[in-house]
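A.B. asks: The structure that follows is given in the form of structure tokens.
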Amino acid sequence: MFLTTNFSLDQLLRSEGVSRGDTVLDLSPSLSAATTWAAAKVVGPSGQVFAFQPNIEHARSLESERARRGCHQVKILHHHPITPFKTDHIILFGQTHYRFDQTDRWGVIEKLLDQNGQVIFIDWLAERAHPLVKTVKQTSSLANLNDAIQNSLLYIKSARHPNPWQYLAILAQR
């Protein structure tokens with residue numbers, strides 16, 4: 001869930017360089033897949049969005065929603081490892097705070113990310129809680145993220161707070 005009054009999620013993706021015809025890999029589609037559908041809207045029919053959902057039941061639900069929406073540019077992936085391909089943007093959203101210790105994930109991201117591509121990383125702030133989201137028990141910080149990527153080829157290119165409860169970091173390859 002992205003909580004802001006300043007941007008819709010598709011506006012946020014556009015402001016971070018996602019555009020028509022791009023290829024996006026969404027590594028964090030929830031059951032609502034808000035990031036997937038926002039990316040599909042931005043890249044349009046000439047682009048591609050790959051949504052990775054390892055849970056087969058959730059993947060089937062996303063596939064049904066994809067068909068209902070007529071989003072032919074969206075492909076639902078549920079097998080791990082992901083078959084290598086190059087992508088312009090990778091979205092990591094919200095649920096990634098508990099996976100910092102999985103160092104191999106950064107290597108996978110490096111292989112999938114186009115040399116000039118970027119990772120759009122959004123997570124909950126460790127020091128803040130949204131009054132409507134009391135279930136967020138695990139949170140993160142830019143320092144945690146920086147520590148997690150220190151042995152990878154990625155670096156934090158920019159960071160900002162799109163709202164008081166979350167942070168957004170753009171990661172690029174060194």
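A note on labels: chains of the structure tokens are A, B, ... as shown, every chain counts residues from 1, and ligands are counted from 1 in their shown order.
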Would you mind listing what lies within 10 Å of Ile56 of chain A as a ChimeraX atom specification, with only C-alpha atoms counted and same-chain residues fewer than 6 positions away left out?

C.D. replies: /A:62,77-79

A.B. asks: Would you pick out the contacts of Arg69 of chain A at 12 Å or less, using only C-alpha atoms, so that residues sharing its chain but fewer than 3 positions from it are not included, and give the list as a ChimeraX atom specification?

C.D. replies: /A:36-37,40-41,62-66,72-74

A.B. asks: Using atom CA of Val18 of chain A and atom CA of Ala159 of chain A as the two end points, give the distance in Å to one decimal.

C.D. replies: 16.4 Å

A.B. asks: Need the shell around segment 20-31 of chain A: protein/DNA/RNA residues with any atom at most 7 Å away, counting only C-alpha atoms. Skip same-chain ones fewer than 4 positions apart. Format as a compact mmCIF listing (two decimals) with C-alpha atoms, in the first residue's frame?

C.D. replies:
```txt
# COMPACT_ATOMS: atom_id res chain seq x y z
CA THR A 35 2.32 -1.42 -8.36
CA THR A 36 1.75 -3.86 -11.24
CA VAL A 42 2.47 3.97 -17.43
CA VAL A 43 4.25 1.67 -19.92
CA GLY A 44 1.11 1.26 -22.03
CA SER A 46 3.94 -1.03 -26.15
CA GLY A 47 5.68 -1.82 -22.83
CA GLN A 48 5.94 -4.91 -20.68
CA VAL A 49 5.34 -5.53 -16.99
CA PHE A 50 6.46 -8.77 -15.37
CA ALA A 51 4.94 -9.37 -11.94
CA PHE A 52 6.72 -11.99 -9.84
CA GLN A 53 4.41 -13.75 -7.39
CA HIS A 58 -1.90 -15.49 -5.56
CA THR A 87 14.52 -4.79 -17.60
CA ASP A 88 14.52 -1.00 -17.41
CA HIS A 89 13.02 -0.77 -13.93
CA ILE A 90 12.57 -3.12 -10.99
CA ILE A 91 10.00 -2.28 -8.32
CA LEU A 92 10.56 -3.44 -4.73
CA PHE A 93 7.69 -2.27 -2.59
CA GLN A 95 7.41 -6.14 1.91
```

A.B. asks: Rounded to one decimal, what separation in Å do you get between atom CA of Phe121 of chain A and atom CA of His161 of chain A?

C.D. replies: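 If I compute the distance from atom CA of Phe121 of chain A to atom CA of His161 of chain A, I get 11.5 Å.
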
A.B. asks: What parts of segment 4-101 of chain A does DSSP call helix (DSSP H, G or I)? I'd like the answer as JSON, numbers by chain.

C.D. replies: {"A": [9, 10, 11, 12, 13, 14, 15, 34, 35, 36, 37, 38, 39, 40, 41, 42, 43, 56, 57, 58, 59, 60, 61, 62, 63, 64, 65, 66, 67, 68, 69, 95, 96, 97, 98, 99]}
